[in-house]
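Coordinates from input.csv are shown below (CSV, C-alpha atoms).
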```
chain,number,residue,atom,x,y,z
A,1,MET,CA,127.3,142.4,61.9
A,2,THR,CA,125.6,143.7,65.0
A,3,GLN,CA,122.8,141.2,64.6
A,4,GLY,CA,125.3,138.4,64.1
A,5,ILE,CA,127.0,139.3,67.4
A,6,THR,CA,123.7,139.4,69.4
A,7,GLU,CA,122.6,136.0,67.9
A,8,HIS,CA,125.7,134.5,69.7
A,9,LEU,CA,125.1,136.1,73.1
A,10,THR,CA,123.9,134.0,76.0
A,11,THR,CA,121.9,136.9,77.3
A,12,ALA,CA,118.3,137.1,75.9
A,13,VAL,CA,117.9,140.2,73.8
A,14,LEU,CA,114.5,141.4,72.5
A,15,LEU,CA,113.3,144.4,70.5
A,16,LEU,CA,109.9,145.9,71.1
A,17,ASP,CA,107.9,148.6,69.4
A,18,ARG,CA,105.9,151.3,71.0
A,19,GLU,CA,102.9,149.0,71.6
A,20,LEU,CA,105.3,146.6,73.3
A,21,LYS,CA,105.0,144.1,70.4
A,22,LEU,CA,107.9,141.9,69.7
A,23,THR,CA,109.8,142.8,66.5
A,24,TRP,CA,113.0,140.7,67.0
A,25,MET,CA,114.7,138.4,69.5
A,26,ASN,CA,117.9,136.4,69.5
A,27,PRO,CA,118.2,132.6,69.9
A,28,ALA,CA,118.9,133.0,73.6
A,29,ALA,CA,115.6,134.7,74.1
A,30,GLU,CA,113.8,132.0,72.1
A,31,SER,CA,115.4,129.4,74.4
A,32,LEU,CA,114.5,131.3,77.6
A,33,LEU,CA,110.9,132.0,76.6
A,34,ALA,CA,110.5,128.6,74.9
A,35,ILE,CA,108.9,130.1,71.8
A,36,SER,CA,110.2,130.9,68.3
A,37,LEU,CA,110.4,134.4,66.8
A,38,THR,CA,108.0,133.4,64.0
A,39,ARG,CA,105.3,132.5,66.5
A,40,MET,CA,105.9,135.6,68.6
A,41,ASP,CA,106.4,138.1,65.8
A,42,GLY,CA,104.0,141.0,66.2
A,43,ARG,CA,102.5,139.7,69.5
A,44,SER,CA,102.6,141.8,72.7
A,45,LEU,CA,105.2,140.6,75.1
A,46,PRO,CA,103.0,141.2,78.2
A,47,GLU,CA,100.6,138.6,76.7
A,48,LEU,CA,103.3,136.0,77.1
A,49,LEU,CA,104.8,137.0,80.4
A,50,GLY,CA,103.2,137.3,83.9
A,51,GLY,CA,104.7,137.7,87.3
A,52,GLU,CA,104.7,139.4,90.7
A,53,GLU,CA,105.2,142.8,89.0
A,54,ASP,CA,103.4,143.9,85.9
A,55,ILE,CA,106.1,143.9,83.3
A,56,ALA,CA,103.9,145.9,81.0
A,57,GLU,CA,103.9,148.7,83.5
A,58,VAL,CA,107.7,148.6,83.8
A,59,LEU,CA,108.2,148.7,80.0
A,60,SER,CA,105.7,151.5,79.6
A,61,ARG,CA,107.4,153.5,82.3
A,62,ALA,CA,110.8,153.2,80.6
A,63,ARG,CA,109.3,154.0,77.2
A,64,ASP,CA,107.5,157.2,78.4
A,65,ALA,CA,110.4,158.5,80.6
A,66,LEU,CA,113.0,157.6,78.0
A,67,HIS,CA,115.0,156.2,80.9
A,68,PRO,CA,116.5,152.7,81.3
A,69,TYR,CA,115.1,150.5,84.1
A,70,THR,CA,116.7,147.4,85.7
A,71,GLN,CA,115.0,144.8,87.8
A,72,ARG,CA,117.0,142.2,89.8
A,73,GLU,CA,115.7,138.7,90.6
A,74,ALA,CA,112.2,139.4,89.2
A,75,ARG,CA,109.8,136.5,89.2
A,76,ILE,CA,108.1,136.0,85.8
A,77,CYS,CA,106.0,133.3,84.5
A,78,LEU,CA,105.4,132.1,80.9
A,79,ASN,CA,101.8,131.5,80.1
A,80,GLY,CA,101.2,127.9,80.9
A,81,GLY,CA,104.7,127.4,82.1
A,82,GLU,CA,106.8,127.3,85.3
A,83,PRO,CA,107.8,130.5,87.0
A,84,MET,CA,111.4,131.6,86.6
A,85,THR,CA,113.7,134.2,88.2
A,86,VAL,CA,115.4,136.7,85.8
A,87,ASP,CA,117.4,139.9,85.9
A,88,TYR,CA,116.2,142.3,83.1
A,89,THR,CA,117.0,145.7,81.8
A,90,VAL,CA,114.8,147.9,79.6
A,91,THR,CA,116.6,150.5,77.5
A,92,PRO,CA,114.7,152.9,75.3
A,93,LEU,CA,116.4,153.2,71.9
A,94,SER,CA,113.9,155.8,70.8
A,95,GLU,CA,110.3,156.9,71.5
A,96,ASP,CA,109.2,153.9,69.4
A,97,GLU,CA,111.6,151.2,70.2
A,98,LEU,CA,112.7,149.4,73.4
A,99,LEU,CA,115.6,147.0,74.0
A,100,LEU,CA,114.9,144.3,76.6
A,101,GLU,CA,117.8,142.2,78.0
A,102,MET,CA,116.9,139.2,80.2
A,103,GLU,CA,119.3,136.9,82.0
A,104,PRO,CA,118.0,133.8,83.9
A,105,ARG,CA,119.0,133.6,87.6
A,106,ASP,CA,117.4,130.4,88.8
A,107,ARG,CA,120.5,128.2,88.2
A,108,LEU,CA,122.9,130.7,89.8
A,109,LEU,CA,120.5,131.1,92.8
A,110,ARG,CA,120.2,127.4,93.2
A,111,ILE,CA,124.0,126.9,93.0
A,112,SER,CA,124.4,129.6,95.7
A,113,ARG,CA,121.8,128.0,97.9
A,114,GLU,CA,123.2,124.5,97.5
A,115,GLU,CA,126.8,125.7,98.2
A,116,ALA,CA,125.5,127.4,101.4
A,117,LEU,CA,123.6,124.3,102.4
A,118,GLN,CA,126.7,122.1,101.9
A,119,SER,CA,128.9,124.6,103.7
A,120,ARG,CA,126.5,124.6,106.7
A,121,GLN,CA,126.4,120.9,106.7
A,122,GLU,CA,130.2,120.6,106.6
A,123,THR,CA,130.4,123.1,109.5
A,124,MET,CA,127.9,121.1,111.5
A,125,LYS,CA,129.8,117.9,110.8
A,126,VAL,CA,133.1,119.3,112.0
A,127,LEU,CA,131.4,120.7,115.2
A,128,ALA,CA,129.6,117.3,115.8
A,129,ARG,CA,132.8,115.3,115.4
A,130,GLY,CA,134.7,117.7,117.7
A,131,LEU,CA,131.9,117.4,120.3
A,132,ALA,CA,131.7,113.6,119.9
A,133,HIS,CA,135.5,113.3,120.6
A,134,GLU,CA,135.2,115.5,123.8
A,135,VAL,CA,132.1,113.6,125.0
A,136,LYS,CA,133.2,110.0,124.2
A,137,ASN,CA,136.5,110.3,126.1
A,138,PRO,CA,134.9,110.9,129.5
A,139,LEU,CA,132.2,108.5,128.8
A,140,GLY,CA,134.8,105.8,128.3
A,141,GLY,CA,136.3,106.7,131.7
A,142,ILE,CA,132.9,106.6,133.4
A,143,ARG,CA,132.1,103.2,131.9
A,144,GLY,CA,135.4,101.8,132.9
A,145,ALA,CA,135.1,103.1,136.5
A,146,ALA,CA,131.6,101.7,136.7
A,147,GLN,CA,132.8,98.3,135.6
A,148,LEU,CA,135.6,98.3,138.2
A,149,LEU,CA,133.2,99.3,140.9
A,150,GLU,CA,130.8,96.5,139.9
A,151,ARG,CA,133.6,93.9,140.4
A,152,ASP,CA,134.1,95.2,144.0
A,153,LEU,CA,130.4,94.9,144.7
A,154,GLU,CA,130.1,91.1,144.6
A,155,GLY,CA,127.4,90.0,147.0
A,156,GLU,CA,125.7,93.4,146.8
A,157,PRO,CA,123.0,93.0,144.1
A,158,GLN,CA,121.2,96.2,145.0
A,159,LEU,CA,124.3,98.3,144.6
A,160,LYS,CA,125.3,96.4,141.4
A,161,GLU,CA,122.0,97.5,139.9
A,162,PHE,CA,123.2,101.1,140.1
A,163,THR,CA,126.4,100.3,138.3
A,164,ARG,CA,124.5,98.6,135.6
A,165,ILE,CA,122.3,101.6,135.1
A,166,ILE,CA,125.4,103.8,134.8
A,167,ILE,CA,126.9,101.5,132.1
A,168,GLU,CA,123.6,101.2,130.2
A,169,GLU,CA,123.2,105.1,130.2
A,170,VAL,CA,126.8,105.6,129.1
A,171,ASP,CA,126.2,103.1,126.2
A,172,ARG,CA,123.0,104.9,125.2
A,173,LEU,CA,124.8,108.3,125.2
A,174,ARG,CA,127.6,106.8,123.1
A,175,ASP,CA,125.1,105.4,120.6
A,176,LEU,CA,123.4,108.8,120.4
A,177,VAL,CA,126.7,110.6,119.7
A,178,ASP,CA,127.5,108.0,117.0
A,179,SER,CA,124.1,108.6,115.4
A,180,MET,CA,124.7,112.3,115.3
A,181,LEU,CA,127.8,111.7,113.2
A,182,GLY,CA,126.2,109.5,110.6
A,183,PRO,CA,128.2,107.4,108.2
A,184,ASN,CA,131.8,108.6,107.7
A,185,ARG,CA,132.1,107.1,104.2
A,186,ILE,CA,130.3,104.8,101.8
A,187,SER,CA,130.8,101.2,102.9
A,188,ARG,CA,130.1,99.9,99.3
A,189,ASN,CA,130.3,101.4,95.9
A,190,GLU,CA,128.3,99.0,93.8
A,191,PRO,CA,125.8,99.3,90.9
A,192,LEU,CA,122.2,99.3,92.2
A,193,ASN,CA,118.7,100.0,91.0
A,194,ILE,CA,117.2,103.0,92.8
A,195,HIS,CA,113.7,101.6,92.3
A,196,ARG,CA,114.6,98.5,94.4
A,197,VAL,CA,115.6,100.9,97.1
A,198,LEU,CA,112.2,102.7,96.9
A,199,GLU,CA,110.3,99.4,96.8
A,200,ARG,CA,112.0,98.3,100.0
A,201,VAL,CA,111.2,101.6,101.7
A,202,ARG,CA,107.6,101.4,100.5
A,203,SER,CA,107.1,97.8,101.8
A,204,LEU,CA,108.4,98.9,105.2
A,205,LEU,CA,106.2,101.9,105.4
A,206,LEU,CA,103.1,99.9,104.4
A,207,VAL,CA,103.6,97.6,107.4
A,208,GLU,CA,104.1,100.6,109.7
A,209,GLN,CA,101.3,102.8,108.4
A,210,PRO,CA,98.8,100.8,106.4
A,211,GLY,CA,96.3,103.7,106.4
A,212,VAL,CA,98.6,105.9,104.2
A,213,THR,CA,98.1,105.7,100.4
A,214,MET,CA,101.5,105.0,98.8
A,215,GLU,CA,101.7,106.2,95.2
A,216,ARG,CA,104.5,105.3,92.8
A,217,ASP,CA,105.6,107.4,89.8
A,218,TYR,CA,108.9,105.9,88.5
A,219,ASP,CA,111.0,106.6,85.4
A,220,PRO,CA,111.9,103.2,84.1
A,221,SER,CA,114.6,104.6,81.8
A,222,LEU,CA,116.8,105.5,84.8
A,223,PRO,CA,120.2,103.7,84.6
A,224,GLU,CA,121.8,102.0,87.6
A,225,LEU,CA,123.7,104.3,90.0
A,226,HIS,CA,126.8,103.4,92.1
A,227,GLY,CA,126.6,103.5,95.8
A,228,ASP,CA,125.7,101.8,99.0
A,229,GLU,CA,122.2,100.3,98.8
A,230,ALA,CA,121.8,99.9,102.6
A,231,GLN,CA,122.8,103.5,103.3
A,232,LEU,CA,120.5,104.8,100.5
A,233,ILE,CA,117.6,102.7,102.0
A,234,GLN,CA,118.3,104.3,105.3
A,235,ALA,CA,118.4,107.8,103.8
A,236,VAL,CA,115.1,107.4,101.9
A,237,LEU,CA,113.4,105.7,104.8
A,238,ASN,CA,114.4,108.6,107.1
A,239,VAL,CA,112.9,111.1,104.8
A,240,ALA,CA,109.7,109.1,103.9
A,241,ARG,CA,109.1,108.1,107.5
A,242,ASN,CA,109.2,111.7,108.6
A,243,ALA,CA,106.7,112.6,105.9
A,244,VAL,CA,104.4,109.7,107.0
A,245,GLN,CA,104.6,110.7,110.6
A,246,ALA,CA,103.8,114.3,109.7
A,247,ILE,CA,100.6,113.4,107.8
A,248,THR,CA,99.4,110.9,110.3
A,249,GLU,CA,100.0,113.0,113.4
A,250,SER,CA,98.2,116.0,111.8
A,251,GLU,CA,95.3,113.7,110.9
A,252,THR,CA,95.4,114.8,107.2
A,253,PRO,CA,92.3,113.6,105.3
A,254,GLN,CA,93.2,111.0,102.7
A,255,PRO,CA,96.9,110.8,103.7
A,256,THR,CA,99.1,110.2,100.6
A,257,LEU,CA,102.8,109.7,100.1
A,258,GLN,CA,104.2,109.7,96.6
A,259,LEU,CA,107.6,108.3,95.6
A,260,ARG,CA,108.7,109.6,92.2
A,261,THR,CA,111.9,109.3,90.2
A,262,ARG,CA,113.1,111.5,87.2
A,263,ALA,CA,116.3,111.9,85.3
A,264,ARG,CA,117.8,115.4,85.1
A,265,ARG,CA,120.4,116.0,82.4
A,266,GLN,CA,123.2,118.6,82.6
A,267,PHE,CA,122.3,119.3,86.2
A,268,THR,CA,124.4,121.3,88.6
A,269,LEU,CA,124.8,120.2,92.2
A,270,GLY,CA,126.7,122.7,94.2
A,271,SER,CA,129.5,123.9,91.9
A,272,ARG,CA,129.7,120.7,89.8
A,273,ARG,CA,127.8,120.0,86.6
A,274,HIS,CA,126.8,116.4,86.1
A,275,ARG,CA,125.8,114.8,82.8
A,276,LEU,CA,123.0,112.9,84.4
A,277,VAL,CA,121.4,113.1,87.9
A,278,CYS,CA,118.7,110.9,89.5
A,279,GLU,CA,116.0,113.0,91.1
A,280,LEU,CA,114.1,111.0,93.8
A,281,SER,CA,111.1,112.9,95.2
A,282,VAL,CA,109.2,112.1,98.4
A,283,ILE,CA,105.9,114.1,98.3
A,284,ASP,CA,103.2,114.2,101.0
A,285,ASN,CA,100.0,116.1,101.3
A,286,GLY,CA,100.5,117.0,105.0
A,287,PRO,CA,100.4,120.4,106.8
A,288,GLY,CA,103.8,121.5,105.6
A,289,ILE,CA,107.0,122.4,107.5
A,290,PRO,CA,106.8,125.5,109.8
A,291,GLN,CA,108.7,128.5,108.4
A,292,GLU,CA,110.9,128.7,111.5
A,293,LEU,CA,112.3,125.2,110.9
A,294,ARG,CA,113.1,125.4,107.2
A,295,GLU,CA,116.5,127.0,107.5
A,296,THR,CA,117.7,124.5,110.2
A,297,LEU,CA,115.8,121.4,108.9
A,298,PHE,CA,118.9,119.3,108.3
A,299,TYR,CA,120.7,120.3,111.5
A,300,PRO,CA,121.2,117.5,114.2
A,301,MET,CA,118.8,117.6,117.1
A,302,VAL,CA,116.3,119.8,115.2
A,303,SER,CA,112.8,118.4,115.1
A,304,GLY,CA,109.2,119.7,114.7
A,305,ARG,CA,107.9,116.7,116.6
A,306,ALA,CA,107.9,116.4,120.4
A,307,GLU,CA,108.9,112.7,120.1
A,308,GLY,CA,111.5,113.3,117.4
A,309,SER,CA,115.2,112.9,117.9
A,310,GLY,CA,116.1,115.4,115.1
A,311,LEU,CA,118.7,113.0,113.6
A,312,GLY,CA,116.8,111.4,110.7
A,313,LEU,CA,117.1,114.2,108.2
A,314,SER,CA,120.6,115.1,109.3
A,315,ILE,CA,121.8,111.5,108.8
A,316,ALA,CA,120.0,111.3,105.4
A,317,GLN,CA,121.7,114.5,104.2
A,318,SER,CA,125.1,113.1,105.4
A,319,ILE,CA,124.5,109.9,103.4
A,320,LEU,CA,123.6,111.9,100.3
A,321,HIS,CA,126.8,113.9,100.7
A,322,GLN,CA,128.8,110.7,100.8
A,323,HIS,CA,127.2,109.9,97.4
A,324,GLN,CA,128.1,113.4,96.0
A,325,GLY,CA,124.4,114.4,96.2
A,326,LEU,CA,122.2,116.5,98.4
A,327,ILE,CA,118.6,116.8,99.6
A,328,GLU,CA,116.4,119.9,98.8
A,329,CYS,CA,113.0,120.7,100.3
A,330,GLU,CA,110.1,122.8,99.2
A,331,SER,CA,107.0,123.0,101.5
A,332,GLU,CA,103.7,124.7,101.6
A,333,PRO,CA,100.4,123.7,103.4
A,334,GLY,CA,99.1,120.6,101.6
A,335,ARG,CA,102.3,119.7,99.7
A,336,THR,CA,105.8,119.1,100.9
A,337,GLU,CA,108.5,117.7,98.6
A,338,PHE,CA,111.9,116.4,99.5
A,339,ARG,CA,114.2,115.9,96.5
A,340,LEU,CA,117.1,113.5,96.8
A,341,LEU,CA,119.6,114.3,94.0
A,342,ILE,CA,122.2,111.7,93.2
A,343,PRO,CA,124.7,111.8,90.3
A,344,LEU,CA,124.5,108.8,88.0
A,345,GLU,CA,128.1,108.9,86.9
A,346,LYS,CA,130.2,106.1,88.4
A,347,ARG,CA,132.1,107.3,91.5
A,348,HIS,CA,135.8,106.6,92.1
A,349,ASP,CA,137.0,106.0,95.6
```

When written as structure tokens, how does the structure in this file appear?
Amino acid sequence: MTQGITEHLTTAVLLLDRELKLTWMNPAAESLLAISLTRMDGRSLPELLGGEEDIAEVLSRARDALHPYTQREARICLNGGEPMTVDYTVTPLSEDELLLEMEPRDRLLRISREEALQSRQETMKVLARGLAHEVKNPLGGIRGAAQLLERDLEGEPQLKEFTRIIIEEVDRLRDLVDSMLGPNRISRNEPLNIHRVLERVRSLLLVEQPGVTMERDYDPSLPELHGDEAQLIQAVLNVARNAVQAITESETPQPTLQLRTRARRQFTLGSRRHRLVCELSVIDNGPGIPQELRETLFYPMVSGRAEGSGLGLSIAQSILHQHQGLIECESEPGRTEFRLLIPLEKRHD
């Protein structure tokens, strides 16, 4: 009966002998470790797992002291597989048997990170809209006063030049404020092919930067998604253009930009689980993003380039939010990846 209960738990449960060899594990453990009990039976668990902390040392310490041990958010890695974050508890049942419980944390950590990102983005949007309202009202008054003054300066071309400068600068500030806000809603909600969006972006970048190698790695099985094609082109172009500028300005040898698409099934964005999500990756081999910029990367007016306006990524993130998606970023020297995640379910206005 006890074994029947543990087989239905979502927590991975493993039994180890004194030599840390596996004697039994439930289906949740088989799923987590991506290996069956028949293949693992009698093998040492530390042979399969690696990580930042030697798990064999932790298991041995708990066995010898006959004292349970818990590790939170431990990074482990399956041999030949991707690293994962888990909480695990080792409980000595006797001098010759250990109970190991493992619970994956990657999904929960990602949900928490994405919710924090969305919350910060919404806060910045509210602040930007409030600031835009306060700025655009006096700008309208300044522009109107300059126009009235211009009418009274007939026959004074030198003085009228000053009023034209005032009007042009007011218009420039108004356009800058509008750019900070980004799109307020999706203009169109139509079926579109995401690869057509990428090909348009690729053709534009090839004209701007012919010295950069553009690689394509598309998943042809992706279905159409619903959204605004022009806005998505703008979002992808903002991200890809930033990447191209980073690798060209740093004079990276053999500058390369890769555009990649993948389908992700049963994928969680924020607190919502989606049946199918399009993952669009923009990957470059540049110097990476400075550590001090990574937390504020999608804020308006934040840029790592002296000539940058700091609006491109903010606008791109805003467009993705309008499509119920988001942008994630991972960066290290030699590889920076921006992932644009868009649900493939049909949206309803």

| Selection near Met214 in chain A, 7 Å with all atoms listed in the file, sequence-local residues under 2 positions removed, as a ChimeraX atom specification | /A:212,216,256-258

| request: Go ahead and compute the interatomic distance for CA of Asp54 in chain A and CA of Ile35 in chain A, in Å to one decimal. | output: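 A separation of 20.5 Å between them.
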
| said: Report, in Å to a single decimal, how far apart CA of Ser318 in chain A and CA of Arg196 in chain A are. | reply: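 One can read the CA of Arg196 in chain A to CA of Ser318 in chain A distance as 21.1 Å.
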
| request: Find the residue from A:Glu168, A:Ala12, A:Leu204, A:Leu153 that sits nearest to Glu30 in chain A; use only C-alpha atoms when measuring. | output: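 Selected residue with least distance to Glu30 in chain A: A:Ala12.
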
| field | Closest of A:Leu198, A:Leu15, A:Leu313, A:Ile319 to Pro92 in chain A - atom-to-atom distances counting all atoms listed in the file | value | A:Leu15

| Point-to-point distance from CA of Leu22 in chain A to CA of Arg43 in chain A, Å rounded to tenths | 5.8 Å

| task | Compare A:Ala146, A:Cys329, A:Leu14, A:Val277 by their minimum atom-to-atom distance to Phe298 in chain A, counting only C-alpha atoms, and give me the closest one. | result |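 Selected residue with least distance to Phe298 in chain A: A:Cys329.
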
| query | If we count all atoms listed in the file, what is near range 245-255 of chain A at a cut-off of 10 Å, once residues fewer than 6 positions away on the same chain are taken out, given as a list in words? | reply |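 That gives Gln209, Gly211, Val212, Thr213, Met214, Asp284, Asn285, Gly286, Pro287, Gly288, Ile289, Gly304, Arg305 and Gly334 of chain A.
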
| Polymer residues at most 12 Å from Asp64 in chain A, all atoms listed in the file, same-chain spacing of 6 or more positions, as an MDAnalysis selection string | chainID A and resid 18:20 57:58 90:98

For the residues in the current selection, export C-alpha atoms as a PDB file, in the coordinates of the input.
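So the final result, stored in selection_39.pdb, reads:
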```pdb
ATOM      1  CA  ARG A  18     105.900 151.300  71.000  1.00  0.00           C
ATOM      2  CA  GLU A  19     102.900 149.000  71.600  1.00  0.00           C
ATOM      3  CA  LEU A  20     105.300 146.600  73.300  1.00  0.00           C
ATOM      4  CA  GLU A  57     103.900 148.700  83.500  1.00  0.00           C
ATOM      5  CA  VAL A  58     107.700 148.600  83.800  1.00  0.00           C
ATOM      6  CA  VAL A  90     114.800 147.900  79.600  1.00  0.00           C
ATOM      7  CA  THR A  91     116.600 150.500  77.500  1.00  0.00           C
ATOM      8  CA  PRO A  92     114.700 152.900  75.300  1.00  0.00           C
ATOM      9  CA  LEU A  93     116.400 153.200  71.900  1.00  0.00           C
ATOM     10  CA  SER A  94     113.900 155.800  70.800  1.00  0.00           C
ATOM     11  CA  GLU A  95     110.300 156.900  71.500  1.00  0.00           C
ATOM     12  CA  ASP A  96     109.200 153.900  69.400  1.00  0.00           C
ATOM     13  CA  GLU A  97     111.600 151.200  70.200  1.00  0.00           C
ATOM     14  CA  LEU A  98     112.700 149.400  73.400  1.00  0.00           C
TER      15      LEU A  98
END
```

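Restricting the calculation to all atoms listed in the file, the smallest distance between His321 in chain A and any of A:Pro223, A:Glu190, A:Leu99, A:Glu122 is found for A:Glu122.
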
| field | Sel. within 12 Å of pt (130.3, 104.4, 133.4), counting all atoms listed in the file, output as an MDAnalysis selection string | value | chainID A and resid 136:150 162:174

| For Thr11 in chain A: contacts at 7 Å, all atoms listed in the file, fewer than 6 positions along chain excluded, given as number ranges by chain | A: 28, 101-103

| Using only C-alpha atoms: which of A:Ala316, A:Ala74, A:Ala263, A:Leu192 has the shortest distance to Ala240 in chain A |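 Answer, going by the shortest atom-to-atom distance: A:Ala316.
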
| said: Would you pick out the contacts of His195 in chain A at 10 Å or less, using all atoms listed in the file, so that residues sharing its chain but fewer than 6 positions from it are not included, and give the list as a PyMOL selection string? | reply: chain A and resi 201+216+218-220+222+224+259-261+280
